[in-house]
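run18.txt, holding compact mmCIF, C-alpha atoms:
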```
# COMPACT_ATOMS: atom_id res chain seq x y z
CA MET A 115 -146.25 -31.89 -51.91
CA ILE A 116 -147.34 -28.48 -53.21
CA THR A 117 -150.84 -28.01 -54.64
CA GLU A 118 -151.92 -25.17 -56.88
CA PHE A 119 -154.05 -22.37 -55.40
CA THR A 120 -157.37 -22.56 -57.33
CA PRO A 121 -159.70 -19.88 -55.97
CA TRP A 122 -162.09 -19.71 -58.95
CA MET A 123 -162.45 -23.43 -59.54
CA SER A 124 -162.87 -24.02 -55.80
CA LEU A 125 -165.48 -21.26 -55.59
CA PHE A 126 -167.33 -22.77 -58.57
CA GLY A 127 -167.15 -26.28 -57.11
CA GLY A 128 -168.35 -24.94 -53.77
CA ALA A 129 -171.30 -23.21 -55.44
CA LEU A 130 -172.26 -26.54 -57.07
CA ILE A 131 -172.10 -28.25 -53.67
CA GLY A 132 -174.40 -25.52 -52.37
CA LEU A 133 -176.75 -25.89 -55.34
CA ALA A 134 -177.01 -29.64 -54.65
CA ALA A 135 -177.76 -28.92 -50.98
CA VAL A 136 -180.52 -26.46 -51.93
CA LEU A 137 -182.08 -28.83 -54.50
CA LEU A 138 -182.03 -31.75 -52.05
CA MET A 139 -183.91 -29.59 -49.55
CA ALA A 140 -186.39 -28.24 -52.14
CA PHE A 141 -187.21 -31.64 -53.67
CA HIS A 142 -186.56 -34.16 -50.88
CA GLY A 143 -186.65 -32.00 -47.73
CA ARG A 144 -183.29 -33.39 -46.65
CA ILE A 145 -180.00 -32.03 -45.31
CA ALA A 146 -177.20 -32.86 -47.76
CA GLY A 147 -174.94 -34.42 -45.13
CA MET A 148 -172.81 -37.21 -46.52
CA THR A 149 -172.43 -39.00 -43.18
CA GLY A 150 -176.20 -39.25 -42.77
CA ILE A 151 -176.89 -40.17 -46.39
CA PHE A 152 -174.15 -42.81 -46.49
CA GLY A 153 -175.04 -44.07 -43.01
CA GLY A 154 -178.60 -44.68 -44.22
CA VAL A 155 -177.48 -47.41 -46.63
CA LEU A 156 -175.35 -49.17 -43.98
CA PRO A 157 -176.77 -51.72 -41.52
CA PRO A 158 -179.24 -51.35 -39.94
CA VAL A 159 -180.59 -50.08 -43.29
CA GLY A 160 -183.60 -47.76 -43.01
CA ASP A 161 -186.68 -48.06 -45.22
CA ASP A 162 -185.76 -44.88 -47.15
CA TRP A 163 -182.48 -46.22 -48.53
CA GLN A 164 -183.50 -45.84 -52.19
CA TRP A 165 -183.04 -42.06 -52.59
CA ARG A 166 -179.85 -42.27 -50.53
CA ALA A 167 -178.41 -44.97 -52.80
CA ALA A 168 -179.38 -42.89 -55.86
CA PHE A 169 -177.68 -39.78 -54.43
CA LEU A 170 -174.52 -41.77 -53.64
CA ALA A 171 -174.50 -43.35 -57.12
CA GLY A 172 -174.83 -39.91 -58.73
CA ALA A 173 -172.02 -38.54 -56.57
CA ILE A 174 -169.69 -41.36 -57.66
CA ILE A 175 -170.71 -41.52 -61.34
CA ALA A 176 -170.35 -37.77 -62.00
CA PRO A 177 -166.58 -37.49 -61.43
CA ALA A 178 -166.04 -40.80 -63.29
CA ALA A 179 -168.06 -39.52 -66.28
CA PHE A 180 -166.19 -36.21 -66.18
CA LEU A 181 -162.86 -38.08 -66.38
CA LEU A 182 -164.13 -40.35 -69.19
CA ALA A 183 -165.24 -37.26 -71.13
CA GLY A 184 -161.65 -36.00 -71.01
CA GLY A 185 -161.86 -33.74 -67.97
CA ALA A 186 -159.04 -33.52 -65.43
CA ILE A 187 -159.38 -33.84 -61.66
CA ASP A 188 -156.29 -33.24 -59.52
CA PHE A 189 -155.82 -36.12 -57.10
CA ALA A 190 -153.01 -37.29 -54.85
CA VAL A 191 -152.88 -39.19 -51.58
CA PRO A 192 -149.74 -37.98 -49.77
CA VAL A 193 -150.16 -40.37 -46.83
CA PRO A 194 -149.55 -44.14 -46.49
CA VAL A 195 -152.24 -46.84 -46.66
CA TRP A 196 -152.43 -47.19 -42.85
CA ALA A 197 -153.64 -43.58 -42.76
CA MET A 198 -156.57 -44.56 -45.02
CA VAL A 199 -157.51 -47.44 -42.73
CA VAL A 200 -157.06 -45.64 -39.41
CA GLY A 201 -158.36 -42.30 -40.72
CA GLY A 202 -161.41 -43.98 -42.25
CA LEU A 203 -162.36 -45.69 -39.00
CA ILE A 204 -161.96 -42.49 -36.97
CA VAL A 205 -163.80 -40.34 -39.54
CA GLY A 206 -166.72 -42.79 -39.68
CA ALA A 207 -167.00 -43.17 -35.90
CA GLY A 208 -166.46 -39.47 -35.14
CA ALA A 209 -168.86 -38.11 -37.77
CA SER A 210 -171.46 -40.67 -36.69
CA ILE A 211 -171.15 -39.82 -32.97
CA GLY A 212 -171.03 -36.08 -33.77
CA SER A 213 -174.10 -36.32 -36.04
CA GLY A 214 -172.39 -34.90 -39.10
CA CYS A 215 -169.33 -33.89 -41.07
CA THR A 216 -168.15 -31.09 -43.34
CA SER A 217 -171.23 -31.26 -45.59
CA GLY A 218 -173.92 -31.74 -42.93
CA HIS A 219 -172.57 -29.43 -40.21
CA GLY A 220 -170.09 -27.31 -42.17
CA VAL A 221 -172.34 -26.40 -45.10
CA CYS A 222 -176.01 -27.21 -44.41
CA GLY A 223 -176.03 -26.65 -40.64
CA MET A 224 -173.94 -23.49 -40.78
CA ALA A 225 -176.18 -22.16 -43.57
CA ARG A 226 -179.15 -22.61 -41.19
CA ILE A 227 -177.12 -20.84 -38.47
CA SER A 228 -177.50 -23.91 -36.24
CA LYS A 229 -175.59 -23.44 -32.98
CA ARG A 230 -174.78 -27.18 -32.83
CA SER A 231 -173.37 -27.14 -36.36
CA ILE A 232 -171.27 -24.03 -35.78
CA VAL A 233 -169.76 -25.57 -32.62
CA ALA A 234 -169.20 -28.90 -34.42
CA THR A 235 -167.53 -27.21 -37.40
CA VAL A 236 -165.20 -25.07 -35.27
CA THR A 237 -164.32 -28.16 -33.22
CA PHE A 238 -163.40 -30.39 -36.16
CA MET A 239 -161.56 -27.63 -38.02
CA VAL A 240 -159.37 -27.10 -34.94
CA THR A 241 -158.68 -30.82 -34.33
CA THR A 242 -157.99 -31.38 -38.04
CA GLY A 243 -155.46 -28.53 -38.01
CA ILE A 244 -153.75 -29.87 -34.88
CA THR A 245 -153.68 -33.40 -36.35
CA VAL A 246 -152.18 -32.24 -39.66
CA TYR A 247 -149.54 -30.28 -37.76
CA ILE A 248 -148.61 -33.33 -35.67
CA MET A 249 -148.67 -35.70 -38.68
CA ARG A 250 -146.48 -33.47 -40.85
CA HIS A 251 -144.24 -31.50 -38.54
CA VAL A 252 -143.86 -33.81 -35.52
CA LEU A 253 -144.20 -37.32 -37.00
CA SER A 254 -143.11 -36.31 -40.55
CA VAL A 255 -145.81 -38.47 -42.20
CA GLY A 256 -146.86 -37.54 -45.74
CA VAL A 257 -144.97 -34.27 -46.09
CA MET B 53 -189.08 -39.59 -60.21
CA ARG B 54 -187.63 -39.08 -56.75
CA ILE B 55 -184.90 -41.62 -57.48
CA VAL B 56 -183.92 -39.82 -60.71
CA SER B 57 -183.99 -36.53 -58.83
CA ALA B 58 -181.71 -37.85 -56.08
CA LEU B 59 -179.34 -39.29 -58.70
CA VAL B 60 -179.06 -35.95 -60.53
CA ILE B 61 -178.65 -33.96 -57.29
CA GLY B 62 -175.99 -36.45 -56.16
CA ALA B 63 -174.21 -35.94 -59.48
CA ILE B 64 -174.19 -32.14 -59.00
CA PHE B 65 -172.82 -32.66 -55.49
CA GLY B 66 -170.18 -35.11 -56.73
CA ILE B 67 -168.89 -32.97 -59.57
CA GLY B 68 -168.88 -29.92 -57.27
CA ILE B 69 -166.75 -31.83 -54.75
CA ALA B 70 -164.38 -33.08 -57.46
CA LEU B 71 -163.91 -29.66 -59.11
CA SER B 72 -163.55 -27.85 -55.79
CA GLY B 73 -160.60 -29.98 -54.64
CA MET B 74 -162.39 -31.52 -51.62
CA ALA B 75 -161.91 -35.00 -53.11
CA ASN B 76 -158.13 -34.46 -53.26
CA PRO B 77 -156.44 -35.35 -49.94
CA ALA B 78 -153.23 -33.53 -50.94
CA LYS B 79 -155.16 -30.28 -51.37
CA VAL B 80 -157.27 -30.75 -48.23
CA LEU B 81 -154.23 -31.49 -46.06
CA ASN B 82 -152.38 -28.49 -47.52
CA PHE B 83 -155.30 -26.26 -46.52
CA PHE B 84 -154.73 -27.22 -42.89
CA ASP B 85 -150.94 -27.07 -43.18
CA ILE B 86 -150.55 -23.35 -42.57
CA ALA B 87 -147.05 -23.98 -41.24
CA GLY B 88 -146.07 -25.80 -44.46
CA ASN B 89 -147.34 -25.88 -48.09
CA TRP B 90 -150.45 -23.81 -47.33
CA ASP B 91 -153.14 -23.85 -50.06
CA PRO B 92 -156.06 -21.59 -49.04
CA SER B 93 -158.36 -22.85 -51.85
CA LEU B 94 -160.73 -24.60 -49.43
CA ILE B 95 -161.83 -21.27 -47.96
CA PHE B 96 -163.36 -20.61 -51.38
CA VAL B 97 -165.07 -24.01 -51.42
CA MET B 98 -166.64 -23.40 -48.01
CA GLY B 99 -167.49 -19.80 -48.94
CA GLY B 100 -169.13 -20.73 -52.24
CA ALA B 101 -171.07 -23.61 -50.70
CA LEU B 102 -172.16 -21.69 -47.60
CA VAL B 103 -173.36 -18.55 -49.37
CA THR B 104 -175.23 -20.56 -52.04
CA THR B 105 -176.86 -22.80 -49.43
CA ALA B 106 -177.78 -19.98 -47.04
CA ILE B 107 -179.46 -17.95 -49.80
CA GLY B 108 -181.01 -21.02 -51.45
CA TYR B 109 -182.47 -22.40 -48.20
CA ARG B 110 -184.03 -19.00 -47.50
CA ILE B 111 -185.67 -18.96 -50.93
CA VAL B 112 -186.87 -22.59 -50.62
CA PHE B 113 -188.34 -22.21 -47.12
CA GLY B 114 -189.94 -18.90 -48.11
CA ALA B 115 -191.46 -20.20 -51.33
CA ARG B 116 -192.71 -23.65 -50.37
CA ALA B 117 -194.32 -25.00 -47.20
CA ARG B 118 -193.18 -28.54 -48.06
CA PRO B 119 -190.62 -30.19 -50.35
CA LEU B 120 -191.74 -31.40 -53.79
CA PHE B 121 -191.57 -35.15 -53.08
CA GLU B 122 -192.21 -35.32 -49.32
CA LYS B 123 -194.86 -34.22 -46.83
CA SER B 124 -192.47 -32.08 -44.78
CA TYR B 125 -188.87 -30.90 -44.42
CA SER B 126 -186.68 -33.21 -42.30
CA LEU B 127 -184.72 -30.71 -40.23
CA PRO B 128 -182.68 -31.29 -37.06
CA THR B 129 -184.49 -29.77 -34.08
CA ARG B 130 -181.92 -30.13 -31.30
CA THR B 131 -180.24 -26.97 -30.07
CA ASP B 132 -178.34 -28.27 -27.02
CA LEU B 133 -174.58 -28.79 -27.02
CA ASP B 134 -173.61 -32.18 -25.66
CA ALA B 135 -170.48 -34.27 -25.23
CA ARG B 136 -171.36 -36.52 -28.17
CA LEU B 137 -171.55 -33.58 -30.58
CA ILE B 138 -168.28 -32.03 -29.46
CA GLY B 139 -166.38 -35.28 -28.80
CA GLY B 140 -167.56 -36.87 -32.04
CA SER B 141 -166.67 -33.78 -34.05
CA ALA B 142 -163.24 -33.58 -32.40
CA LEU B 143 -162.67 -37.24 -33.26
CA PHE B 144 -163.83 -36.72 -36.85
CA GLY B 145 -161.26 -33.92 -37.23
CA VAL B 146 -158.46 -36.23 -36.09
CA GLY B 147 -159.43 -38.75 -38.78
CA TRP B 148 -159.75 -36.03 -41.40
CA GLY B 149 -156.28 -34.77 -40.49
CA ILE B 150 -154.77 -38.25 -40.69
CA SER B 151 -156.33 -39.16 -44.06
CA GLY B 152 -157.27 -35.93 -45.85
CA PHE B 153 -160.71 -37.39 -46.57
CA CYS B 154 -164.04 -36.31 -45.10
CA PRO B 155 -167.16 -38.37 -46.01
CA GLY B 156 -168.36 -35.82 -48.59
CA GLY B 157 -164.93 -35.80 -50.22
CA ALA B 158 -164.36 -39.55 -50.16
CA ILE B 159 -167.62 -40.80 -51.76
CA PRO B 160 -167.22 -38.73 -54.98
CA ALA B 161 -163.50 -39.60 -54.97
CA LEU B 162 -164.53 -43.24 -55.51
CA GLY B 163 -165.38 -42.16 -59.07
CA ILE B 164 -161.77 -41.14 -59.70
CA GLY B 165 -160.80 -44.82 -59.53
CA GLU B 166 -157.73 -44.69 -57.31
CA PRO B 167 -157.23 -47.72 -55.00
CA ALA B 168 -156.68 -45.70 -51.80
CA VAL B 169 -160.27 -44.39 -51.86
CA PRO B 170 -162.22 -47.66 -51.48
CA ILE B 171 -159.86 -48.60 -48.63
CA PHE B 172 -160.81 -45.39 -46.85
CA VAL B 173 -164.54 -45.74 -47.60
CA VAL B 174 -164.77 -49.35 -46.37
CA SER B 175 -162.95 -48.35 -43.20
CA MET B 176 -165.25 -45.33 -42.77
CA ALA B 177 -168.32 -47.57 -43.19
CA ALA B 178 -166.93 -49.85 -40.48
CA GLY B 179 -166.42 -46.82 -38.22
CA ILE B 180 -170.03 -45.69 -38.70
CA VAL B 181 -171.45 -49.16 -38.02
CA LEU B 182 -169.19 -49.67 -34.97
CA ALA B 183 -170.17 -46.31 -33.48
CA ARG B 184 -173.85 -47.18 -33.86
CA PHE B 185 -173.34 -50.63 -32.38
CA ALA B 186 -171.48 -49.19 -29.41
CA ARG B 187 -174.34 -46.80 -28.75
CA ALA B 188 -177.10 -49.40 -29.11
CA ASN B 189 -175.24 -51.98 -27.05
CA PRO B 190 -176.53 -52.18 -23.45
CA PHE B 191 -173.42 -54.20 -22.53
CA LYS B 192 -171.81 -51.31 -20.62
CA LYS B 193 -174.72 -51.04 -18.18
CA THR B 194 -174.81 -54.78 -17.63
CA VAL B 195 -171.14 -54.77 -16.63
CA SER B 196 -171.39 -51.84 -14.22
CA ALA B 197 -174.50 -53.33 -12.62
```

Give the structure from this file in structure tokens form.
Amino acid sequence: MITEFTPWMSLFGGALIGLAAVLLMAFHGRIAGMTGIFGGVLPPVGDDWQWRAAFLAGAIIAPAAFLLAGGAIDFAVPVPVWAMVVGGLIVGAGASIGSGCTSGHGVCGMARISKRSIVATVTFMVTTGITVYIMRHVLSVGV
Amino acid sequence: MRIVSALVIGAIFGIGIALSGMANPAKVLNFFDIAGNWDPSLIFVMGGALVTTAIGYRIVFGARARPLFEKSYSLPTRTDLDARLIGGSALFGVGWGISGFCPGGAIPALGIGEPAVPIFVVSMAAGIVLARFARANPFKKTVSA
């Protein structure tokens, strides 16, 4: 499946992600890492779950509202359902063990020039690339 | 006030993710598929997010000694590289490569209303809880002793 190269929209979306990260730090003093924020509303739930739940609700409602208002969001899942189940488990476990994901390490941590986040980001970018290569070109899943 | 603030900031994050293409597994997987249908858009997502955050953090930390709603900034303090960081990150990448979803892409994607997304998110939640349980569980030591 071919997707359209969208440099300007991706740059704009990325800048909004960055703006949200900066505002969350300025107002709440928190790293905008989705693994940490989402993990905080899962058992054992911490006592500061309220702002996390609000952030998650906002993150889900915004794209839904944008679609309802007539906006378009490109979306396609080119892999089978088992990849959602297996991938979800591995993403959740890995990001939890590694203390972060693309948003926490890749954006917030790298922006702070954290050595741990830079190493984490390079590591997961490499293993993601290898995995996509194996999935598509060796196992021929979701090409 | 802090709940409304978190809701609005979450909304900015969510719409940014959706517009950038990070909530679209086809686009994410194509970014990593240099040998196939390569779509370099995600470089621009990371670039836009990183530059904005790096400059913004600098301004925030320079202008204010504490965040608006809290007594202090909650920042990670560790600087050591350990097996959990590297192994966990490596594992996360494998899952990202299989599914095309990272946590920050998947949560906003729930708002798109496609059935594959909640399947991924429930599975991801299970993965997070299992990883925590495995760490907290003293069972391993009991067995070896």

>> I'd like the contact shell of Gly243 in chain A - 8 Å cut-off, all atoms listed in the file, skipping same-chain residues fewer than 6 positions apart - returned as a ChimeraX atom specification.
In response: /B:84-85,145,149

> Quick one: distance from CA of Met176 in chain B to CA of Ile69 in chain B in Å, one decimal?
Replying inline: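 Distance reported for this atom pair: 18.1 Å.
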
>> Give me the residues near Gly127 in chain A as a VMD selection string, where near means some atom within 7 Å (using all atoms listed in the file) and where sequence neighbours in that chain fewer than 3 positions away do not count.
In response: (chain A and resid 123 to 124 130 to 131) or (chain B and resid 68 to 69 71 to 72 97)

>> I'd like the contact shell of Ala168 in chain A - 9 Å cut-off, all atoms listed in the file, skipping same-chain residues fewer than 4 positions apart - returned as a VMD selection string.
In response: (chain A and resid 163 to 164 172 to 173) or (chain B and resid 55 to 60 62)

Those selected residues, please, written with C-alpha atoms and delivered as a short mmCIF file (atom, residue, chain, number, x, y, z; two decimals), in the frame of the given file.
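So selection_38.cif came out as:
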```cif
data_model
loop_
_atom_site.label_atom_id
_atom_site.label_comp_id
_atom_site.auth_asym_id
_atom_site.auth_seq_id
_atom_site.Cartn_x
_atom_site.Cartn_y
_atom_site.Cartn_z
CA TRP A 163 -182.48 -46.22 -48.53
CA GLN A 164 -183.50 -45.84 -52.19
CA GLY A 172 -174.83 -39.91 -58.73
CA ALA A 173 -172.02 -38.54 -56.57
CA ILE B 55 -184.90 -41.62 -57.48
CA VAL B 56 -183.92 -39.82 -60.71
CA SER B 57 -183.99 -36.53 -58.83
CA ALA B 58 -181.71 -37.85 -56.08
CA LEU B 59 -179.34 -39.29 -58.70
CA VAL B 60 -179.06 -35.95 -60.53
CA GLY B 62 -175.99 -36.45 -56.16
#
```

>> Can you pull out the residues contacting Ile138 in chain B? Cut-off 10 Å, using only C-alpha atoms, and skip same-chain residues under 4 positions away; I want them as number ranges by chain.
In response: A: 208, 211-213, 230-231, 233-238; B: 133-134, 142-144

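Interatomic distance, CA of Val181 in chain B to CA of Ser210 in chain A: 8.6 Å.
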
>> So that I can see what lies close to Ala179 in chain A, please list as number ranges by chain the residues with an atom at most 10 Å from it, counting only C-alpha atoms and leaving out residues fewer than 4 positions away in the same chain.
In response: A: 174-175, 183-185; B: 63, 67, 163-164

> Between A:Leu182, A:Ala209, A:Ile187, A:Thr117, which is the closest to Trp148 in chain B once you count all atoms listed in the file?
Replying inline: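 Of A:Leu182, A:Ala209, A:Ile187, A:Thr117, the one nearest Trp148 in chain B is A:Ala209, counting all atoms listed in the file.
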
>> As an exercise, work out the distance from CA of Arg187 in chain B to CA of Ser217 in chain A in Å and give it to one decimal place.
In response: 23.1 Å

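Near (-166.3, -46.0, -31.5), the residues inside the 6 Å limit, counting all atoms listed in the file, come to Ala207 of chain A; Leu182 and Ala183 of chain B.
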